[in-house]
>>> print(open('structure.txt').read())   # compact mmCIF, C-alpha atoms
# COMPACT_ATOMS: atom_id res chain seq x y z
CA MET W 19 120.66 44.59 81.02
CA GLY W 20 120.46 46.99 78.09
CA ILE W 21 119.45 50.63 78.18
CA SER W 22 115.76 51.19 77.42
CA ALA W 23 114.51 53.20 74.45
CA ARG W 24 113.10 55.78 76.86
CA GLU W 25 116.53 56.26 78.49
CA LEU W 26 118.27 56.46 75.11
CA ALA W 27 115.72 58.99 73.88
CA ALA W 28 116.15 61.10 77.00
CA ALA W 29 119.94 61.07 76.59
CA THR W 30 119.86 62.21 72.93
CA PRO W 31 122.27 65.13 72.35
CA ALA W 32 120.65 68.34 71.16
CA THR W 33 122.94 68.30 68.10
CA ARG W 34 121.68 64.95 66.78
CA ASP W 35 119.85 65.07 63.45
CA ARG W 36 116.74 63.15 64.45
CA TYR W 37 115.20 63.40 61.00
CA VAL W 38 117.92 61.09 59.66
CA ASP W 39 116.92 58.43 62.19
CA LEU W 40 113.29 58.82 61.15
CA LEU W 41 114.24 58.36 57.49
CA ARG W 42 116.20 55.21 58.32
CA VAL W 43 113.26 53.62 60.11
CA ALA W 44 110.65 54.82 57.62
CA SER W 45 112.57 53.61 54.57
CA LEU W 46 113.03 50.10 55.97
CA ALA W 47 109.37 50.02 57.05
CA VAL W 48 108.27 50.88 53.50
CA VAL W 49 110.53 48.15 52.08
CA VAL W 50 109.05 45.57 54.45
CA LEU W 51 105.49 46.64 53.69
CA GLY W 52 106.22 46.60 49.98
CA HIS W 53 107.56 43.05 50.12
CA TRP W 54 104.47 41.90 52.00
CA LEU W 55 102.13 43.57 49.52
CA MET W 56 103.96 42.40 46.38
CA ALA W 57 103.84 38.73 47.33
CA ALA W 58 101.14 37.06 45.24
CA VAL W 59 100.91 33.50 46.60
CA THR W 60 98.56 31.10 44.84
CA ALA W 61 96.62 28.15 46.25
CA ASP W 62 99.29 25.70 45.04
CA GLY W 63 102.04 27.54 46.94
CA GLN W 64 103.61 29.42 44.02
CA VAL W 65 104.90 32.90 44.84
CA GLY W 66 104.46 35.58 42.19
CA ASN W 67 104.66 39.36 42.08
CA LEU W 68 101.55 41.52 42.33
CA LEU W 69 103.17 44.10 40.05
CA ALA W 70 103.35 41.49 37.31
CA VAL W 71 99.71 40.52 37.85
CA VAL W 72 98.58 44.17 37.77
CA PRO W 73 101.19 46.05 35.66
CA GLY W 74 99.40 49.35 36.20
CA LEU W 75 100.61 49.31 39.82
CA GLN W 76 104.25 49.53 38.71
CA VAL W 77 104.07 53.32 38.69
CA LEU W 78 103.77 53.17 42.49
CA THR W 79 107.39 52.00 42.65
CA TRP W 80 108.39 55.59 41.81
CA VAL W 81 107.33 56.45 45.35
CA LEU W 82 107.62 53.14 47.21
CA GLN W 83 111.06 52.01 46.01
CA VAL W 84 112.80 53.82 48.85
CA MET W 85 116.02 51.82 49.20
CA PRO W 86 117.93 54.84 47.81
CA VAL W 87 116.78 56.82 50.86
CA PHE W 88 118.30 54.21 53.18
CA PHE W 89 121.63 54.33 51.33
CA PHE W 90 121.55 58.15 51.36
CA VAL W 91 121.06 58.08 55.14
CA GLY W 92 123.88 55.56 55.35
CA GLY W 93 126.25 57.98 53.63
CA PHE W 94 125.36 60.69 56.13
CA SER W 95 125.94 58.37 59.11
CA HIS W 96 129.17 56.91 57.72
CA ALA W 97 130.64 60.37 57.17
CA LEU W 98 130.06 61.34 60.79
CA ALA W 99 131.22 57.96 62.10
CA HIS W 100 134.47 57.95 60.15
CA ARG W 101 135.34 61.48 61.24
CA SER W 102 134.97 60.44 64.86
CA ARG W 103 136.78 57.11 64.35
CA PRO W 104 139.24 57.57 61.47
CA ARG W 105 141.25 54.35 61.88
CA TYR W 106 140.04 52.00 59.15
CA ALA W 107 139.89 48.75 61.12
CA ALA W 108 138.18 50.34 64.11
CA PHE W 109 135.72 52.16 61.83
CA LEU W 110 134.76 48.94 60.05
CA ARG W 111 134.28 46.98 63.24
CA ALA W 112 132.12 49.69 64.78
CA ARG W 113 129.92 50.02 61.68
CA LEU W 114 129.52 46.28 61.09
CA GLN W 115 128.75 45.08 64.60
CA ARG W 116 124.99 45.67 64.44
CA LEU W 117 124.86 44.59 60.82
CA LEU W 118 126.76 41.32 60.64
CA ARG W 119 125.90 39.76 64.01
CA PRO W 120 122.11 39.56 63.39
CA THR W 121 122.79 38.59 59.77
CA MET W 122 125.02 35.67 60.75
CA VAL W 123 122.42 34.47 63.26
CA PHE W 124 119.73 34.66 60.57
CA ILE W 125 121.90 32.68 58.15
CA GLY W 126 122.73 30.09 60.80
CA VAL W 127 119.12 29.47 61.82
CA TRP W 128 117.88 29.24 58.25
CA GLY W 129 120.86 27.09 57.23
CA VAL W 130 119.97 24.49 59.88
CA LEU W 131 116.29 24.59 58.86
CA ALA W 132 117.19 24.23 55.18
CA LEU W 133 119.39 21.22 55.80
CA ALA W 134 116.75 19.58 58.00
CA VAL W 135 113.87 19.95 55.54
CA GLN W 136 116.02 18.70 52.67
CA LEU W 137 117.16 15.65 54.64
CA LEU W 138 113.48 14.95 55.37
CA GLY W 139 112.57 15.44 51.72
CA ALA W 140 110.11 18.19 52.64
CA ASP W 141 111.56 20.92 50.42
CA GLY W 142 108.73 21.05 47.90
CA GLY W 143 105.95 23.59 47.39
CA LEU W 144 106.02 26.75 49.46
CA THR W 145 108.83 25.39 51.65
CA GLY W 146 111.13 25.06 48.66
CA THR W 147 110.17 28.54 47.52
CA ALA W 148 110.94 29.89 50.99
CA LEU W 149 114.44 28.37 50.89
CA ARG W 150 115.03 30.26 47.67
CA LEU W 151 113.46 33.57 48.68
CA VAL W 152 114.42 34.26 52.30
CA THR W 153 118.03 35.12 51.49
CA GLN W 154 117.28 37.41 48.52
CA PRO W 155 117.07 40.61 50.63
CA LEU W 156 120.66 39.98 51.73
CA TRP W 157 121.78 41.75 48.51
CA PHE W 158 120.98 44.98 50.35
CA ILE W 159 123.35 44.08 53.18
CA GLY W 160 126.09 43.15 50.72
CA ILE W 161 125.79 46.53 48.97
CA TYR W 162 125.73 48.30 52.33
CA LEU W 163 128.95 46.52 53.33
CA ALA W 164 130.57 47.80 50.14
CA MET W 165 129.49 51.33 51.02
CA VAL W 166 131.09 51.03 54.44
CA ALA W 167 134.28 49.66 52.87
CA PHE W 168 134.56 52.55 50.38
CA THR W 169 133.62 55.31 52.83
CA PRO W 170 137.19 56.44 53.68
CA PRO W 171 138.46 57.00 50.11
CA LEU W 172 135.16 58.42 48.87
CA LEU W 173 134.92 60.72 51.89
CA THR W 174 138.40 61.96 51.05
CA ALA W 175 137.31 62.59 47.46
CA HIS W 176 134.24 64.41 48.78
CA GLY W 177 136.38 66.64 50.98
CA ARG W 178 138.58 67.55 48.03
CA TYR W 179 136.07 67.79 45.18
CA GLY W 180 132.59 68.10 46.73
CA TRP W 181 129.84 67.86 44.13
CA ARG W 182 132.40 66.94 41.46
CA ALA W 183 133.11 63.63 43.20
CA PHE W 184 129.39 62.86 43.07
CA GLY W 185 129.29 63.96 39.43
CA ALA W 186 132.11 61.57 38.56
CA LEU W 187 130.10 58.63 39.94
CA VAL W 188 127.01 59.74 38.00
CA ALA W 189 129.10 60.04 34.84
CA GLY W 190 130.47 56.55 35.45
CA ALA W 191 126.93 55.17 35.68
CA GLY W 192 126.01 56.92 32.42
CA VAL W 193 129.07 55.56 30.59
CA VAL W 194 128.28 52.05 31.80
CA ASP W 195 124.73 52.24 30.42
CA VAL W 196 125.97 53.57 27.08
CA LEU W 197 128.47 50.72 26.82
CA ARG W 198 125.77 48.27 27.86
CA PHE W 199 122.87 49.36 25.65
CA ALA W 200 124.57 51.12 22.71
CA ALA W 201 127.78 49.15 22.36
CA GLY W 202 126.65 45.80 23.77
CA VAL W 203 129.76 45.37 25.91
CA PRO W 204 129.22 42.18 27.95
CA TYR W 205 129.24 42.22 31.75
CA VAL W 206 129.93 45.97 31.95
CA GLU W 207 126.49 46.52 33.51
CA PHE W 208 127.66 44.99 36.80
CA LEU W 209 129.88 48.04 37.40
CA ASN W 210 126.72 49.99 38.11
CA PHE W 211 126.23 48.11 41.35
CA ALA W 212 129.09 50.38 42.44
CA PHE W 213 128.51 53.58 40.47
CA VAL W 214 124.76 53.91 41.08
CA TRP W 215 124.60 53.00 44.76
CA LEU W 216 127.84 54.79 45.68
CA ALA W 217 126.58 57.96 43.96
CA ILE W 218 123.48 57.95 46.16
CA HIS W 219 125.67 57.17 49.17
CA GLN W 220 127.84 60.16 48.21
CA LEU W 221 124.78 62.41 48.51
CA GLY W 222 124.79 61.51 52.20
CA PHE W 223 128.29 63.03 52.50
CA LEU W 224 127.02 66.20 50.84
CA ARG W 225 124.14 66.38 53.30
CA ALA W 226 126.47 65.86 56.26
CA ASP W 227 128.31 69.02 55.22
CA GLY W 228 125.17 71.03 54.46
CA MET W 229 125.86 71.11 50.71
CA ILE W 230 122.40 70.11 49.46
CA ARG W 231 121.00 73.62 49.36
CA ARG W 232 118.49 73.28 46.51
CA PRO W 233 116.62 70.02 47.12
CA ALA W 234 113.72 71.06 44.86
CA LEU W 235 116.11 71.31 41.92
CA LEU W 236 117.60 67.91 42.78
CA ALA W 237 114.15 66.32 42.97
CA ALA W 238 112.97 67.92 39.73
CA ALA W 239 116.11 66.94 37.84
CA GLY W 240 115.92 63.36 39.08
CA LEU W 241 112.24 62.99 38.28
CA ALA W 242 112.64 64.53 34.82
CA GLY W 243 115.70 62.39 34.09
CA ALA W 244 114.00 59.17 35.15
CA GLY W 245 110.90 60.06 33.14
CA LEU W 246 112.86 60.79 29.97
CA LEU W 247 114.99 57.66 30.28
CA VAL W 248 111.94 55.42 30.74
CA ALA W 249 109.99 57.17 27.96
CA LEU W 250 112.79 57.27 25.39
CA GLY W 251 115.24 54.55 26.35
CA PRO W 252 115.26 50.82 27.01
CA TYR W 253 114.46 51.24 30.70
CA PRO W 254 111.34 49.61 32.19
CA LEU W 255 108.71 51.52 34.16
CA SER W 256 109.15 49.55 37.39
CA MET W 257 111.88 50.66 39.78
CA VAL W 258 111.97 47.17 41.31
CA GLY W 259 112.88 43.94 39.56
CA MET W 260 110.12 42.11 37.74
CA PRO W 261 110.04 38.35 37.04
CA GLY W 262 111.01 37.44 33.51
CA GLU W 263 111.98 40.93 32.34
CA LYS W 264 114.99 41.22 30.03
CA ILE W 265 116.08 44.55 31.51
CA SER W 266 115.73 45.49 35.16
CA ASN W 267 116.34 48.88 36.72
CA MET W 268 117.48 47.12 39.89
CA ALA W 269 119.71 44.20 39.01
CA PRO W 270 122.05 45.57 37.82
CA PRO W 271 121.07 49.15 38.67
CA THR W 272 120.62 51.60 35.81
CA LEU W 273 120.95 55.32 35.26
CA ALA W 274 117.15 55.48 35.50
CA LEU W 275 117.30 54.10 39.05
CA LEU W 276 120.00 56.64 39.91
CA CYS W 277 117.72 59.45 38.67
CA HIS W 278 114.92 57.93 40.74
CA GLY W 279 117.23 58.07 43.76
CA LEU W 280 117.96 61.75 43.12
CA TRP W 281 114.25 62.53 43.02
CA LEU W 282 113.65 60.71 46.31
CA VAL W 283 116.60 62.36 48.06
CA GLY W 284 115.42 65.78 46.92
CA ALA W 285 111.88 64.98 48.08
CA VAL W 286 112.88 63.87 51.59
CA GLU W 287 115.15 66.89 51.94
CA LEU W 288 112.20 69.13 51.13
CA LEU W 289 110.37 67.51 54.05
CA LYS W 290 113.26 68.05 56.47
CA GLY W 291 111.56 70.90 58.33
CA PRO W 292 108.29 69.08 59.11
CA GLY W 293 110.27 65.90 59.85
CA ALA W 294 112.46 67.69 62.39
CA ARG W 295 109.42 69.16 64.11
CA LEU W 296 107.78 65.74 64.23
CA THR W 297 110.80 64.04 65.80
CA ALA W 298 111.11 66.84 68.35
CA ARG W 299 108.01 65.39 70.03
CA ALA W 300 109.08 63.16 72.92
CA ARG W 301 106.66 60.33 72.15
CA VAL W 302 107.56 60.23 68.46
CA TRP W 303 111.28 60.30 69.19
CA ARG W 304 110.98 57.41 71.67
CA ALA W 305 109.22 55.38 69.00
CA VAL W 306 111.96 56.20 66.46
CA VAL W 307 114.70 55.22 68.93
CA ALA W 308 112.95 51.94 69.75
CA ALA W 309 112.42 51.12 66.08
CA ASN W 310 116.04 51.86 65.20
CA GLY W 311 117.12 49.36 67.85
CA ILE W 312 115.34 46.48 66.08
CA ALA W 313 115.27 47.65 62.45
CA MET W 314 117.85 45.23 61.07
CA THR W 315 116.36 42.25 62.90
CA ALA W 316 112.89 43.07 61.58
CA PHE W 317 114.25 43.46 58.04
CA LEU W 318 116.04 40.11 58.16
CA TRP W 319 113.03 38.17 59.42
CA HIS W 320 110.08 39.90 57.71
CA LEU W 321 110.00 37.53 54.72
CA THR W 322 110.14 34.55 57.10
CA ALA W 323 107.06 35.95 58.83
CA MET W 324 105.22 36.58 55.57
CA LEU W 325 105.92 33.08 54.24
CA GLY W 326 104.94 31.66 57.62
CA VAL W 327 101.54 33.34 57.37
CA TYR W 328 100.94 31.96 53.89
CA GLY W 329 102.18 28.53 54.96
CA ALA W 330 99.77 28.50 57.89
CA LEU W 331 96.86 29.45 55.61
CA LEU W 332 97.70 26.65 53.20
CA ALA W 333 98.22 24.12 56.00
CA LEU W 334 94.86 25.01 57.54
CA GLY W 335 93.15 24.65 54.18
CA ALA W 336 91.91 28.22 54.43
CA GLY W 337 92.25 28.65 50.68
CA LEU W 338 93.92 31.55 48.97
CA PRO W 339 91.95 33.60 46.44
CA ASP W 340 93.55 34.44 43.10
CA PRO W 341 95.93 37.41 43.44
CA ALA W 342 94.48 40.88 42.78
CA THR W 343 90.87 39.69 42.94
CA GLY W 344 88.36 41.38 45.24
CA ALA W 345 88.61 38.54 47.75
CA TRP W 346 92.41 38.76 47.68
CA TRP W 347 92.38 42.49 48.41
CA ALA W 348 89.84 41.95 51.20
CA GLN W 349 92.33 39.59 52.91
CA VAL W 350 95.22 42.05 52.70
CA PRO W 351 94.66 43.78 56.08
CA LEU W 352 94.44 40.44 57.89
CA ARG W 353 97.54 39.05 56.18
CA LEU W 354 99.51 42.21 56.94
CA ALA W 355 98.43 42.16 60.58
CA ALA W 356 99.38 38.50 60.93
CA ALA W 357 102.78 39.10 59.29
CA ALA W 358 103.40 42.05 61.62
CA VAL W 359 102.57 39.97 64.70
CA LEU W 360 104.81 37.11 63.61
CA THR W 361 107.63 39.53 62.78
CA ALA W 362 107.28 41.04 66.25
CA LEU W 363 107.60 37.58 67.80
CA LEU W 364 110.72 36.83 65.77
CA VAL W 365 112.18 40.22 66.72
CA ALA W 366 111.53 39.47 70.40
CA VAL W 367 113.56 36.26 70.04
CA PHE W 368 116.46 37.59 67.97
CA ARG W 369 116.76 41.28 68.85
CA ARG W 370 119.50 40.63 71.41
CA PHE W 371 121.96 40.04 68.57
CA GLU W 372 121.43 43.59 67.31
CA GLN W 373 122.47 45.18 70.58
CA PRO W 374 125.69 47.25 70.38
CA ALA W 375 128.82 45.37 71.40
CA PRO W 376 131.13 46.76 74.09
CA ALA W 377 133.64 49.26 72.77
CA VAL W 378 137.27 48.18 72.57
CA PRO W 379 140.44 50.27 72.25
CA ALA W 380 141.25 51.15 68.65
CA THR W 381 144.43 50.03 66.94
CA ASP W 382 146.63 51.74 64.38
CA THR W 383 147.28 48.46 62.57
CA GLY W 384 144.97 45.98 60.94
CA GLY W 385 143.81 48.05 57.96
CA PRO W 386 144.73 45.47 55.28
CA LEU W 387 143.27 42.64 57.36
CA ALA W 388 140.05 44.59 57.83
CA ALA W 389 139.87 45.34 54.09
CA LEU W 390 140.24 41.63 53.32
CA GLY W 391 137.61 40.81 55.91
CA ILE W 392 134.95 43.16 54.60
CA THR W 393 135.65 42.01 51.05
CA LEU W 394 135.04 38.39 52.02
CA ALA W 395 131.96 39.34 54.05
CA LEU W 396 130.28 41.29 51.27
CA LEU W 397 131.08 38.64 48.65
CA GLY W 398 129.72 35.94 50.94
CA VAL W 399 126.51 37.80 51.72
CA LEU W 400 125.95 38.70 48.06
CA GLY W 401 126.67 35.12 47.04
CA LEU W 402 124.14 33.74 49.49
CA SER W 403 121.50 36.20 48.28
CA MET W 404 121.95 34.67 44.82
CA THR W 405 122.22 30.97 45.67
CA GLY W 406 119.46 30.79 48.26
CA LEU W 407 119.36 27.83 50.64
CA GLY W 408 117.64 25.35 48.37
CA GLY W 409 119.58 22.48 46.83
CA LEU W 410 122.19 22.34 49.59
CA LEU W 411 122.54 18.56 49.24
CA GLU W 412 122.75 18.79 45.45
CA GLY W 413 125.47 21.46 45.48
CA HIS W 414 123.31 24.15 43.86
CA THR W 415 125.43 27.05 42.59
CA ALA W 416 124.99 30.60 41.32
CA THR W 417 127.33 32.96 39.50
CA LEU W 418 128.88 35.67 41.66
CA ILE W 419 130.65 38.10 39.30
CA ALA W 420 132.59 35.48 37.28
CA LEU W 421 132.74 32.66 39.82
CA ARG W 422 130.36 29.81 40.59
CA VAL W 423 129.59 29.73 44.29
CA THR W 424 127.57 27.42 46.53
CA ALA W 425 125.60 28.44 49.62
CA PRO W 426 128.07 26.74 52.04
CA ALA W 427 130.99 28.52 50.34
CA ALA W 428 129.17 31.85 50.59
CA VAL W 429 128.46 31.30 54.29
CA ALA W 430 132.11 30.38 54.89
CA MET W 431 133.27 33.59 53.19
CA ALA W 432 130.85 35.71 55.22
CA LEU W 433 131.92 34.12 58.51
CA ALA W 434 135.61 34.41 57.68
CA GLY W 435 135.17 38.04 56.72
CA TRP W 436 133.31 38.84 59.92
CA PHE W 437 136.05 37.14 61.98
CA LEU W 438 138.80 39.13 60.22
CA VAL W 439 137.03 42.46 60.70
CA GLU W 440 136.48 41.68 64.37
CA ARG W 441 140.13 40.70 64.84
CA ALA W 442 141.52 43.67 62.95
CA GLY W 443 139.35 46.15 64.84
CA ARG W 444 140.52 45.06 68.28
CA ALA W 445 143.68 46.39 69.88
>>> encode(input="structure.txt", output="structure tokens")
Amino acid sequence: MGISARELAAATPATRDRYVDLLRVASLAVVVLGHWLMAAVTADGQVGNLLAVVPGLQVLTWVLQVMPVFFFVGGFSHALAHRSRPRYAAFLRARLQRLLRPTMVFIGVWGVLALAVQLLGADGGLTGTALRLVTQPLWFIGIYLAMVAFTPPLLTAHGRYGWRAFGALVAGAGVVDVLRFAAGVPYVEFLNFAFVWLAIHQLGFLRADGMIRRPALLAAAGLAGAGLLVALGPYPLSMVGMPGEKISNMAPPTLALLCHGLWLVGAVELLKGPGARLTARARVWRAVVAANGIAMTAFLWHLTAMLGVYGALLALGAGLPDPATGAWWAQVPLRLAAAAVLTALLVAVFRRFEQPAPAVPATDTGGPLAALGITLALLGVLGLSMTGLGGLLEGHTATLIALRVTAPAAVAMALAGWFLVERAGRA
């Protein structure tokens, strides 16, 4: 029987930075809520994007696109974790346990469902769309795996160069965008999946060592930089991907998104004092601890819940009003409540797979095996986020970097990578 949230909260060391835990939960909650709100499902089962229907709402992404905050918090946590567990294989296993186990269960359940509905020929309409959409958020897990993999060398660079290591990543992102937009160099833009997200991750290292001393300046510089790039350059207004757009700030990430991340990091650092006082309250801290224990499970299954709500409405013939109309907005609270309830039910079923695994003795060997494992895992997860689970019987493929990959191949890579990390991290 696991330890309750109340017991965990009561056992929290006085030195723990509770505000970081609050940011982790809050950022994922905003992402989930944003996905639910952006879904514009029509009466014929087509899924669109509310921000495309009402372009004026795209400015809200400058506040609600909070994935940079989650990666910033990840950098902080990874710095502390690696310093307490410096052996590479043991560090990877410890960091990936609560990430890959629930992810593999999610992939397994949806893989069986996808195969069943396709064998039955029931993969049309909203069901077919669901098979394509439910794996898309896995890109976040793939990027997070890369951050874990690169933590040791980048933490070493941080210890030696401090802000200059962060500056080198920012400069790399700028060079990539110049080569992309000014010189037209093909495929170079994909390097910014590393430069942009690892730069924000690096800010977490700086926070761990108390080196972000002027958050207002960081926020102002980021906001001004993003504003100038959007106003003067080829960058779109939206900080999330939009259907049909030629240039996205998200995929691949751009320098504008990096500036947006700087503004958000500066903003949340400015709120550190009030946030710390809030989490010092026993009831609030218990809620944060409980939410952290199920956060990844809720993130994995929230789109399933949302699509389930829309599917139930269509099956019952309830009728869906046109997106962004008065009737559509009037339904929003009910749809959100239903999605929250269904997500809670799914979390109740699958939360056990997010529980921490028993600790094992660390080993001095296994570093190369662990590196191979996490490489396969992140490539597999990223590949599946691109292929989706539709077209399994037809051998549907997508391009991962320069390779064509199918969903079964992506799943095999992810499973093999997880196995290798587990093996390498055990004595």
>>> closest_residue(input="structure.txt", among="W:Gln220, W:Ala97, W:Val423, W:Pro254", to="W:Pro73", atoms="only C-alpha atoms")
W:Pro254
>>> residues_near_point(input="structure.txt", point="(126.6, 58.2, 30.5)", cutoff="12 Å", atoms="only C-alpha atoms", output="list in words")
Gly185, Ala186, Leu187, Val188, Ala189, Gly190, Ala191, Gly192, Val193, Val194, Asp195, Val196, Leu197, Arg198, Phe199, Ala200, Asn210, Phe213, Val214, Leu247, Thr272, Leu273, Ala274 and Leu276 of chain W
>>> write_last_selection(input="structure.txt", atoms="C-alpha atoms", output="compact mmCIF listing (two decimals), in the frame of the given file")
# COMPACT_ATOMS: atom_id res chain seq x y z
CA GLY W 185 129.29 63.96 39.43
CA ALA W 186 132.11 61.57 38.56
CA LEU W 187 130.10 58.63 39.94
CA VAL W 188 127.01 59.74 38.00
CA ALA W 189 129.10 60.04 34.84
CA GLY W 190 130.47 56.55 35.45
CA ALA W 191 126.93 55.17 35.68
CA GLY W 192 126.01 56.92 32.42
CA VAL W 193 129.07 55.56 30.59
CA VAL W 194 128.28 52.05 31.80
CA ASP W 195 124.73 52.24 30.42
CA VAL W 196 125.97 53.57 27.08
CA LEU W 197 128.47 50.72 26.82
CA ARG W 198 125.77 48.27 27.86
CA PHE W 199 122.87 49.36 25.65
CA ALA W 200 124.57 51.12 22.71
CA ASN W 210 126.72 49.99 38.11
CA PHE W 213 128.51 53.58 40.47
CA VAL W 214 124.76 53.91 41.08
CA LEU W 247 114.99 57.66 30.28
CA THR W 272 120.62 51.60 35.81
CA LEU W 273 120.95 55.32 35.26
CA ALA W 274 117.15 55.48 35.50
CA LEU W 276 120.00 56.64 39.91
>>> residues_around(input="structure.txt", residues="W:Pro341", least_positions_apart="2", cutoff="8 Å", atoms="only C-alpha atoms", output="list in words")
Ala58, Val59, Thr60, Leu68, Val71, Pro339, Thr343, Trp346 and Trp347 of chain W
>>> write_last_selection(input="structure.txt", atoms="C-alpha atoms", output="mmCIF file, keeping the file's coordinate frame")
data_model
loop_
_atom_site.group_PDB
_atom_site.id
_atom_site.type_symbol
_atom_site.label_atom_id
_atom_site.label_comp_id
_atom_site.auth_asym_id
_atom_site.auth_seq_id
_atom_site.Cartn_x
_atom_site.Cartn_y
_atom_site.Cartn_z
ATOM 1 C CA ALA W 58 101.140 37.060 45.240
ATOM 2 C CA VAL W 59 100.910 33.500 46.600
ATOM 3 C CA THR W 60 98.560 31.100 44.840
ATOM 4 C CA LEU W 68 101.550 41.520 42.330
ATOM 5 C CA VAL W 71 99.710 40.520 37.850
ATOM 6 C CA PRO W 339 91.950 33.600 46.440
ATOM 7 C CA THR W 343 90.870 39.690 42.940
ATOM 8 C CA TRP W 346 92.410 38.760 47.680
ATOM 9 C CA TRP W 347 92.380 42.490 48.410
#
>>> atom_distance(input="structure.txt", atom1="atom CA of W:Pro386", atom2="atom CA of W:Ala432")
17.0 Å
>>> closest_residue(input="structure.txt", among="W:Ala442, W:Val135, W:Leu144, W:Val48", to="W:Leu331", atoms="all atoms listed in the file")
W:Leu144
>>> atom_distance(input="structure.txt", atom1="atom CA of W:Pro270", atom2="atom CA of W:Leu209")
8.2 Å
>>> residues_near_point(input="structure.txt", point="(121.5, 64.0, 54.5)", cutoff="6 Å", atoms="only C-alpha atoms", output="list in words")
Val91, Phe94, Gly222, Arg225 and Ala226 of chain W
>>> write_last_selection(input="structure.txt", atoms="C-alpha atoms", output="mmCIF file, in the frame of the given file")
data_model
loop_
_atom_site.group_PDB
_atom_site.id
_atom_site.type_symbol
_atom_site.label_atom_id
_atom_site.label_comp_id
_atom_site.auth_asym_id
_atom_site.auth_seq_id
_atom_site.Cartn_x
_atom_site.Cartn_y
_atom_site.Cartn_z
ATOM 1 C CA VAL W 91 121.060 58.080 55.140
ATOM 2 C CA PHE W 94 125.360 60.690 56.130
ATOM 3 C CA GLY W 222 124.790 61.510 52.200
ATOM 4 C CA ARG W 225 124.140 66.380 53.300
ATOM 5 C CA ALA W 226 126.470 65.860 56.260
#
>>> closest_residue(input="structure.txt", among="W:Ala47, W:Ala61, W:Leu41, W:Ile419", to="W:Ser95", atoms="only C-alpha atoms")
W:Leu41
>>> closest_residue(input="structure.txt", among="W:Leu55, W:Leu137, W:Leu149, W:Leu241", to="W:Arg353", atoms="all atoms listed in the file")
W:Leu55
